Amino acid sequence: MEKIQLQDLLGQMTQAEKIDQLQQLMAAFYSEKAEEKTGPMGDLDLTEENIKNAGSTLGISGAKEAIRVQKSYMENNRLHIPTLLMADIIHGFRTIFPIPLGLGATWDVAAAEKMAEISAKEAAVSGLHVTFSPMVDLVRDPRWGRVMESTGEDPFLNSRFAEAFVKGYQGEDLTHDFMRVAACVKHFAAYGAAIAGRDYNTVNMSERQLRESYLPGYHAAIQAGAKLVMTSFNTVDGIPATGNKWLFRDVLRDDLGFEGTVISDWGAISEMIPHGVAANEKEAAELAIKAGVDIEMMTSTYSHYLAELIAEGRIDAGLVDEAVLRILELKNDLGLFENPYRGADETAEAALILCEDHRQAAREIAEKAIVLLKNEAVLPLKATEKVALVGPAAASNDVLGAWSWQGQKAEAISLAQAFAKDQSVVSGTETFDYFTPSEAAVAEALTLAKTADKVIVALGEADWMSGEAASRTDIRLPQAQLDFFKKILAVNENVIVTLYNGRPLDLRELDGAKAIVEAWFPGTEAGHALKNILTGAVNPSGRLSMSFPESVGQVPVYYNTDNTGRPYESAPDEKYVSKYLDCSNYAKYPFGFGLSYSNFNYSQLTLSSDTMTASESLVASVTVTNDSAVAGVETVQLYLRDLVGEVVRPLKELKGFQKVSLAAGESKTVRFTITEDLLRYVHPNQIASSDAGSFTLTIGGSSVSGLSSDFQLIK
């Protein structure tokens with residue numbers, strides 16, 4: 001449809017039909033079974049008329065059901081307007097990929113785009129139109145359970161992944177490419193900065209920090225074309241995001257240039273009542289529509305009160321019209337008026353869901369996500385060695401992680417399954433619980449460990465331990481697992497720990513291990529991917545996108561901190577400097593860190609000039625050499641530091657990265673172009689600009705290593 005046709009359609013709608021278009025309901029409302037609808041209808045106090053005109057639905061899945069619901073909806077809708085079918089497709093639809101935090105550890109935006117493309121394909125043939133992804137919330141506190149949905153602690157890296165996700169989901173021609181879905185960037189804004197890492201908690205920061213560190217990820221997704229933005233549960237400057245007019249009208253619409261659809265998170269409009277900024281649902285509806293929230297997810301304040309608010313003159317009817325028009329434009333962008341069933345196709349669904357090509361991609365991406373944290377020459381495993389595989393995660397299929405909505409644990413590959421045909425690897429038969437292992441399971445594991453050359457101790461979190469509403473103050477492994485590790489270590493010193501988890505953990509109690517492999521929740525192909533890393537069939541290349549603390553007491557601990565007036569580095573033995581008395585200032589495993597079976601050396605850092613201007617660029621070159629007999633992939637990272645700014649600047653900031661494949665003994669020259677825009681930051685006037693003066697450039701393999709050189713920006 002042309003825009004004039006959409007406006008004509010809007011003109012034909014009654015006020016009630018317009019308001020109902022703003023309502024999103026869950027799948028149960030469209031069930032064929034009356035008893036499944038009764039409860040939800042009663043909870044929201046909606047009529048059949050409201051339901052048949054509600055503009056979007058979440059949680060419907062399967063091509064057959066999607067077609068049935070769409071057909072019924074259009075038959076009952078007076079103007080035959082199609083409904084939107086949405087869902088949480090976060091790191092895979094049925095073929096599950098690593099959790100986003102693991103995807104961030106790939107430092108491979110092409111891999112992230114591939115994940116999103118495959119996820120979109122499986123979702124689209126199953127009848128869905130919109131995914132509530134990517135989540136681009138910057139996160140620096142691993143106590144927050146939803147850290148598993150983020151790609152980490154750095155604005156630059158998160159922005160690159162945000163772009164990749166959107167491109168993968170939406171493709172180049174969303175209207176005609178029925179193998180794609182619309183992307184919804186979330187949660188706007190700063191949801192990842194909840195105080196103390198407690199989900200749904202208050203967020204409190206300066207506007208300058210919000211703009212500099214937290215908005216770039218959303219902005220990158222918007223510039224990549226994301227069709228929707230979801231509100232966050234938290235407050236921003238004391239006002240819940242869902243009713244924050246400044247945040248959505250001034251910042252999102254005007255400053256970031258977003259023209260698409262805004263949707264509330266689940267129940268977020270009504271939650272302004274317990275927040276204490278609305279006395280009742282009527283006031284909540286008024287705040288939300290004035291802020292510019294177009295779709296209300298799973299509360300019914302709009303249905304109940306918008307007409308009344310218009311009649312009383314408290315809101316302008318034009319606010320409803322603009323919201324409805326944006327929803328109609330989204331449906332038009334998806335081609336739904338001409339093709340209401342879009343990609344829903346039972347035949348394609350049967351052929352594509354969890355197909356071998358998708359599993360292969362999931363395996364390869366999981367391999368890239370796995371980070372080797374420690375290795376005292378015990379990995380890779382040798383074919384001649386007898387290896388015991390023990391622990392609760394050895395035979396576990398709990399490898400998908402939270403937000404794997406359609407994923408099936410029974411279809412996932414455990415590590416024991418992957419090693420099943422290897423004569424040199426032995427594992428037990430006793431069921432091993434994550435929290436209360438039986439005496440028989442522990443005894444069997446000890447027996448196997450005593451006679452092995454090496455022991456793989458497979459540990460980790462259960463999937464429910466991270467994700468939404470899964471905040472924790474203790475980010476260690478369950479105590480039973482730590483006790484078990486110590487028992488194994490007492491009978492065999494050659495211990496390799498593998499980890500399935502959804503957040504950075506406090507790993508101090510695993511220091512006795514000779515190797516630690518961070519596998520995250522790797523997805524459907526978990527066991528195959530992890531086995532390939534352990535055996536050396538694949539050389540690990542993952543690098544952390546979020547720091548692992550030495551102790552939870554350091555949290556938040558992240559690499560790009562500001563300096564203080566009493567920096568620890570200037571006098572580490574002094575008491576009156578910024579430091580802890582009982583713990584290091586630094587992360588145990590820092591941002592950008594990860595080991596390889598290769599050894600990479602950096603040399604010959606050169607700059608094309610030691611000065612640059614706003615209109616000139618500078619090229620930095622470094623030679624990277626693989627000083628080993630094993631081919632590998634190195635992630636070359638560029639960091640910059642503004643030595644003197646109007647505002648205190650971070651000690652270093654990631655401004656570029658390149659993944660480089662190097663054969664044994666091979667050297668390559670890696671080049672980065674430094675332009676003036678990379679030197680900008682948000683000043684007290686809330687405008688990004690650069691300062692003339694001195695900068696330090698560092699290129700290396702992590703945030704704590706590399707070669708450095710200084711240059712000047714002349715303005």
# chains A, B, ... in the order shown; residues from 1 in each chain; ligands from 1
>>> residues_around(residues="Gly171 of chain A", least_positions_apart="4", cutoff="8 Å", atoms="only C-alpha atoms", output="PyMOL selection string")
chain A and resi 117+166-167+177+180
>>> write_last_selection(atoms="C-alpha atoms", output="CSV table (one decimal), in the first residue's frame")
chain,number,residue,atom,x,y,z
A,117,GLU,CA,19.2,-14.8,9.4
A,166,VAL,CA,19.1,-6.3,12.7
A,167,LYS,CA,20.5,-6.9,9.2
A,177,ASP,CA,11.6,-11.4,1.5
A,180,ARG,CA,12.9,-12.5,7.2
>>> select_by_dssp(residues="segment 418-625 of chain A", states="strand (DSSP E)", output="JSON, numbers by chain")
{"A": [425, 426, 427, 454, 455, 456, 457, 458, 459, 460, 495, 496, 497, 498, 499, 500, 515, 516, 517, 518, 600, 601, 602, 603, 604, 605, 606, 607, 611, 612, 613, 618, 619, 620, 621, 622, 623, 624, 625]}
>>> write_last_selection(atoms="N, CA, C and O atoms", output="short mmCIF file (atom, residue, chain, number, x, y, z; two decimals), in the first residue's frame")
data_model
loop_
_atom_site.label_atom_id
_atom_site.label_comp_id
_atom_site.auth_asym_id
_atom_site.auth_seq_id
_atom_site.Cartn_x
_atom_site.Cartn_y
_atom_site.Cartn_z
N VAL A 425 37.71 -41.79 25.96
CA VAL A 425 36.97 -40.96 26.91
C VAL A 425 35.90 -41.82 27.57
O VAL A 425 35.06 -42.43 26.90
N VAL A 426 35.94 -41.87 28.91
CA VAL A 426 34.98 -42.68 29.65
C VAL A 426 34.14 -41.77 30.55
O VAL A 426 34.64 -40.81 31.13
N SER A 427 32.85 -42.06 30.63
CA SER A 427 31.98 -41.30 31.51
C SER A 427 31.09 -42.25 32.28
O SER A 427 30.92 -43.42 31.91
N LYS A 454 43.73 -37.62 32.36
CA LYS A 454 43.16 -36.29 32.55
C LYS A 454 41.68 -36.44 32.86
O LYS A 454 41.05 -37.43 32.47
N VAL A 455 41.13 -35.41 33.53
CA VAL A 455 39.72 -35.44 33.90
C VAL A 455 39.04 -34.17 33.41
O VAL A 455 39.48 -33.06 33.71
N ILE A 456 38.00 -34.35 32.62
CA ILE A 456 37.14 -33.22 32.26
C ILE A 456 36.04 -33.15 33.32
O ILE A 456 35.24 -34.08 33.46
N VAL A 457 36.03 -32.08 34.09
CA VAL A 457 35.01 -31.86 35.10
C VAL A 457 34.01 -30.86 34.52
O VAL A 457 34.31 -29.67 34.40
N ALA A 458 32.86 -31.35 34.12
CA ALA A 458 31.86 -30.53 33.44
C ALA A 458 30.91 -29.92 34.47
O ALA A 458 30.12 -30.63 35.10
N LEU A 459 31.00 -28.61 34.64
CA LEU A 459 30.24 -27.89 35.65
C LEU A 459 29.38 -26.81 35.01
O LEU A 459 29.48 -26.55 33.82
N GLY A 460 28.55 -26.14 35.83
CA GLY A 460 27.81 -25.02 35.28
C GLY A 460 26.52 -24.71 36.01
O GLY A 460 26.20 -25.28 37.05
N VAL A 495 43.14 -31.63 35.87
CA VAL A 495 41.71 -31.35 35.76
C VAL A 495 41.46 -30.24 34.74
O VAL A 495 42.09 -29.18 34.78
N ILE A 496 40.52 -30.51 33.85
CA ILE A 496 40.04 -29.54 32.87
C ILE A 496 38.59 -29.24 33.22
O ILE A 496 37.75 -30.15 33.22
N VAL A 497 38.28 -28.01 33.53
CA VAL A 497 36.91 -27.62 33.86
C VAL A 497 36.25 -27.03 32.62
O VAL A 497 36.80 -26.15 31.96
N THR A 498 35.06 -27.52 32.30
CA THR A 498 34.22 -26.89 31.29
C THR A 498 33.01 -26.28 31.97
O THR A 498 32.51 -26.82 32.97
N LEU A 499 32.54 -25.16 31.43
CA LEU A 499 31.47 -24.41 32.07
C LEU A 499 30.33 -24.13 31.10
O LEU A 499 30.56 -23.63 29.99
N TYR A 500 29.11 -24.44 31.54
CA TYR A 500 27.89 -23.95 30.89
C TYR A 500 27.29 -22.92 31.83
O TYR A 500 26.97 -23.25 32.98
N ALA A 515 43.08 -26.28 33.31
CA ALA A 515 42.45 -25.61 32.18
C ALA A 515 41.01 -25.29 32.55
O ALA A 515 40.36 -26.04 33.28
N ILE A 516 40.52 -24.14 32.04
CA ILE A 516 39.13 -23.74 32.22
C ILE A 516 38.60 -23.31 30.86
O ILE A 516 39.20 -22.45 30.19
N VAL A 517 37.50 -23.91 30.46
CA VAL A 517 36.90 -23.62 29.16
C VAL A 517 35.50 -23.06 29.38
O VAL A 517 34.62 -23.74 29.90
N GLU A 518 35.30 -21.81 28.99
CA GLU A 518 34.01 -21.14 29.12
C GLU A 518 33.19 -21.39 27.85
O GLU A 518 33.50 -20.87 26.78
N PHE A 600 50.35 -15.81 19.71
CA PHE A 600 50.41 -14.64 18.84
C PHE A 600 51.27 -13.55 19.46
O PHE A 600 51.11 -13.21 20.63
N ASN A 601 52.17 -13.02 18.67
CA ASN A 601 53.03 -11.92 19.11
C ASN A 601 52.78 -10.69 18.27
O ASN A 601 52.52 -10.77 17.06
N TYR A 602 52.87 -9.52 18.91
CA TYR A 602 52.67 -8.23 18.24
C TYR A 602 54.00 -7.49 18.15
O TYR A 602 54.79 -7.48 19.12
N SER A 603 54.26 -6.87 17.02
CA SER A 603 55.50 -6.11 16.84
C SER A 603 55.29 -5.02 15.80
O SER A 603 54.28 -4.99 15.09
N GLN A 604 56.25 -4.11 15.74
CA GLN A 604 56.32 -3.09 14.69
C GLN A 604 55.05 -2.24 14.60
O GLN A 604 54.48 -2.06 13.52
N LEU A 605 54.61 -1.71 15.74
CA LEU A 605 53.51 -0.76 15.71
C LEU A 605 53.99 0.55 15.11
O LEU A 605 54.96 1.14 15.59
N THR A 606 53.34 1.01 14.07
CA THR A 606 53.71 2.26 13.43
C THR A 606 52.46 3.09 13.17
O THR A 606 51.38 2.55 12.92
N LEU A 607 52.62 4.42 13.23
CA LEU A 607 51.56 5.35 12.88
C LEU A 607 51.98 6.11 11.63
O LEU A 607 53.16 6.47 11.48
N THR A 611 50.51 13.21 14.16
CA THR A 611 49.48 14.23 14.30
C THR A 611 48.36 13.96 13.30
O THR A 611 48.56 13.31 12.28
N MET A 612 47.17 14.45 13.62
CA MET A 612 46.05 14.39 12.69
C MET A 612 45.15 15.59 12.94
O MET A 612 45.22 16.23 13.99
N THR A 613 44.30 15.88 11.97
CA THR A 613 43.34 16.97 12.11
C THR A 613 41.94 16.40 11.93
O THR A 613 41.76 15.22 11.61
N LEU A 618 44.44 8.98 10.26
CA LEU A 618 45.74 8.44 10.65
C LEU A 618 45.64 6.92 10.55
O LEU A 618 44.62 6.34 10.92
N VAL A 619 46.67 6.28 10.04
CA VAL A 619 46.65 4.83 9.89
C VAL A 619 47.64 4.22 10.88
O VAL A 619 48.83 4.60 10.91
N ALA A 620 47.15 3.29 11.67
CA ALA A 620 48.01 2.54 12.60
C ALA A 620 48.21 1.13 12.05
O ALA A 620 47.25 0.49 11.63
N SER A 621 49.45 0.68 12.05
CA SER A 621 49.78 -0.66 11.53
C SER A 621 50.52 -1.44 12.59
O SER A 621 51.32 -0.88 13.36
N VAL A 622 50.26 -2.74 12.64
CA VAL A 622 50.97 -3.61 13.56
C VAL A 622 51.16 -4.97 12.89
O VAL A 622 50.34 -5.39 12.07
N THR A 623 52.27 -5.61 13.22
CA THR A 623 52.53 -6.94 12.69
C THR A 623 52.14 -7.98 13.74
O THR A 623 52.55 -7.88 14.90
N VAL A 624 51.33 -8.93 13.34
CA VAL A 624 50.90 -10.02 14.22
C VAL A 624 51.48 -11.31 13.68
O VAL A 624 51.31 -11.63 12.50
N THR A 625 52.17 -12.05 14.54
CA THR A 625 52.85 -13.28 14.14
C THR A 625 52.35 -14.46 14.95
O THR A 625 52.21 -14.36 16.17
#
>>> residues_around(residues="Ala221 of chain A", least_positions_apart="2", cutoff="8 Å", atoms="only C-alpha atoms", output="ChimeraX atom specification")
/A:159,162-163,166,185,217-219,223-226
>>> residues_around(residues="segment 628-640 of chain A", least_positions_apart="4", cutoff="8 Å", atoms="only C-alpha atoms", output="PyMOL selection string")
chain A and resi 107+539-541+543+592+596-600+652-665+670+672+679+695-703
>>> write_last_selection(atoms="N, CA and C atoms", output="short mmCIF file (atom, residue, chain, number, x, y, z; two decimals), in the first residue's frame")
data_model
loop_
_atom_site.label_atom_id
_atom_site.label_comp_id
_atom_site.auth_asym_id
_atom_site.auth_seq_id
_atom_site.Cartn_x
_atom_site.Cartn_y
_atom_site.Cartn_z
N TRP A 107 33.21 -12.16 18.81
CA TRP A 107 33.73 -10.94 18.18
C TRP A 107 33.61 -11.07 16.65
N ASN A 539 40.57 -24.74 16.91
CA ASN A 539 41.41 -23.93 17.79
C ASN A 539 40.55 -22.83 18.40
N PRO A 540 40.47 -22.73 19.73
CA PRO A 540 39.60 -21.71 20.33
C PRO A 540 39.99 -20.30 19.91
N SER A 541 38.95 -19.50 19.59
CA SER A 541 39.20 -18.12 19.18
C SER A 541 38.30 -17.13 19.90
N ARG A 543 36.76 -14.55 22.60
CA ARG A 543 37.33 -13.54 23.48
C ARG A 543 36.19 -12.93 24.30
N GLY A 592 37.93 -8.79 26.38
CA GLY A 592 38.82 -9.03 25.24
C GLY A 592 39.76 -10.19 25.41
N SER A 596 44.40 -19.29 23.12
CA SER A 596 44.37 -20.06 21.89
C SER A 596 45.38 -21.19 22.02
N TYR A 597 45.31 -22.18 21.14
CA TYR A 597 46.36 -23.19 21.07
C TYR A 597 47.54 -22.67 20.25
N SER A 598 47.36 -21.50 19.65
CA SER A 598 48.45 -20.80 18.98
C SER A 598 49.03 -19.76 19.93
N ASN A 599 50.16 -19.20 19.55
CA ASN A 599 50.78 -18.13 20.32
C ASN A 599 50.98 -16.93 19.40
N PHE A 600 50.35 -15.81 19.71
CA PHE A 600 50.41 -14.64 18.84
C PHE A 600 51.27 -13.55 19.46
N LYS A 652 40.86 3.48 28.66
CA LYS A 652 40.95 3.07 27.26
C LYS A 652 39.55 2.74 26.77
N GLU A 653 39.36 2.85 25.46
CA GLU A 653 38.06 2.55 24.85
C GLU A 653 38.28 1.78 23.56
N LEU A 654 37.54 0.68 23.40
CA LEU A 654 37.60 -0.07 22.16
C LEU A 654 37.07 0.78 21.01
N LYS A 655 37.85 0.85 19.93
CA LYS A 655 37.44 1.63 18.76
C LYS A 655 37.60 0.86 17.45
N GLY A 656 37.99 -0.39 17.53
CA GLY A 656 38.10 -1.19 16.32
C GLY A 656 38.59 -2.59 16.65
N PHE A 657 38.27 -3.55 15.79
CA PHE A 657 38.79 -4.92 15.96
C PHE A 657 38.74 -5.63 14.61
N GLN A 658 39.67 -6.55 14.45
CA GLN A 658 39.72 -7.37 13.24
C GLN A 658 40.10 -8.79 13.63
N LYS A 659 39.41 -9.76 13.05
CA LYS A 659 39.78 -11.16 13.25
C LYS A 659 40.72 -11.57 12.12
N VAL A 660 41.86 -12.14 12.49
CA VAL A 660 42.91 -12.45 11.52
C VAL A 660 43.27 -13.93 11.62
N SER A 661 43.20 -14.64 10.50
CA SER A 661 43.60 -16.05 10.46
C SER A 661 45.08 -16.13 10.10
N LEU A 662 45.83 -16.89 10.90
CA LEU A 662 47.27 -17.00 10.69
C LEU A 662 47.69 -18.46 10.70
N ALA A 663 48.36 -18.88 9.65
CA ALA A 663 48.94 -20.21 9.61
C ALA A 663 50.11 -20.29 10.57
N ALA A 664 50.56 -21.48 10.87
CA ALA A 664 51.72 -21.65 11.75
C ALA A 664 52.91 -20.88 11.19
N GLY A 665 53.50 -20.02 12.04
CA GLY A 665 54.67 -19.26 11.63
C GLY A 665 54.38 -18.04 10.78
N VAL A 670 48.32 -5.74 10.16
CA VAL A 670 46.93 -5.34 10.38
C VAL A 670 46.90 -3.82 10.49
N PHE A 672 44.55 -0.18 10.97
CA PHE A 672 43.35 0.51 11.41
C PHE A 672 43.43 1.97 10.98
N LEU A 679 37.30 9.86 17.98
CA LEU A 679 37.85 10.57 19.14
C LEU A 679 36.77 11.38 19.87
N PHE A 695 46.56 11.73 22.55
CA PHE A 695 45.85 10.46 22.64
C PHE A 695 46.86 9.33 22.66
N THR A 696 46.50 8.26 23.36
CA THR A 696 47.29 7.03 23.33
C THR A 696 46.52 5.96 22.59
N LEU A 697 47.19 5.33 21.65
CA LEU A 697 46.63 4.24 20.86
C LEU A 697 47.29 2.94 21.29
N THR A 698 46.50 1.91 21.53
CA THR A 698 47.03 0.60 21.90
C THR A 698 46.40 -0.46 21.01
N ILE A 699 47.22 -1.34 20.48
CA ILE A 699 46.73 -2.48 19.70
C ILE A 699 47.27 -3.76 20.32
N GLY A 700 46.36 -4.70 20.60
CA GLY A 700 46.79 -5.95 21.21
C GLY A 700 45.70 -7.00 21.17
N GLY A 701 45.91 -8.06 21.94
CA GLY A 701 45.00 -9.19 21.93
C GLY A 701 43.98 -9.19 23.03
N SER A 702 43.96 -8.15 23.87
CA SER A 702 42.94 -8.01 24.90
C SER A 702 42.98 -6.58 25.40
N SER A 703 42.11 -6.27 26.36
CA SER A 703 42.07 -4.91 26.91
C SER A 703 43.23 -4.64 27.86
#
>>> closest_residue(among="A:Ile687, A:Ala449, A:Ala182, A:Ala105", to="Phe593 of chain A", atoms="only C-alpha atoms")
A:Ala105
>>> closest_residue(among="A:Pro155, A:Gly243, A:Pro100, A:Gly706", to="Ser270 of chain A", atoms="only C-alpha atoms")
A:Gly243
>>> select_by_dssp(residues="segment 5-237 of chain A", states="helix (DSSP H, G or I)", output="VMD selection string")
chain A and resid 5 to 12 15 to 21 27 to 30 34 to 44 48 to 53 63 to 76 100 to 106 109 to 125 145 to 149 155 to 170 191 to 193 195 to 197 207 to 223
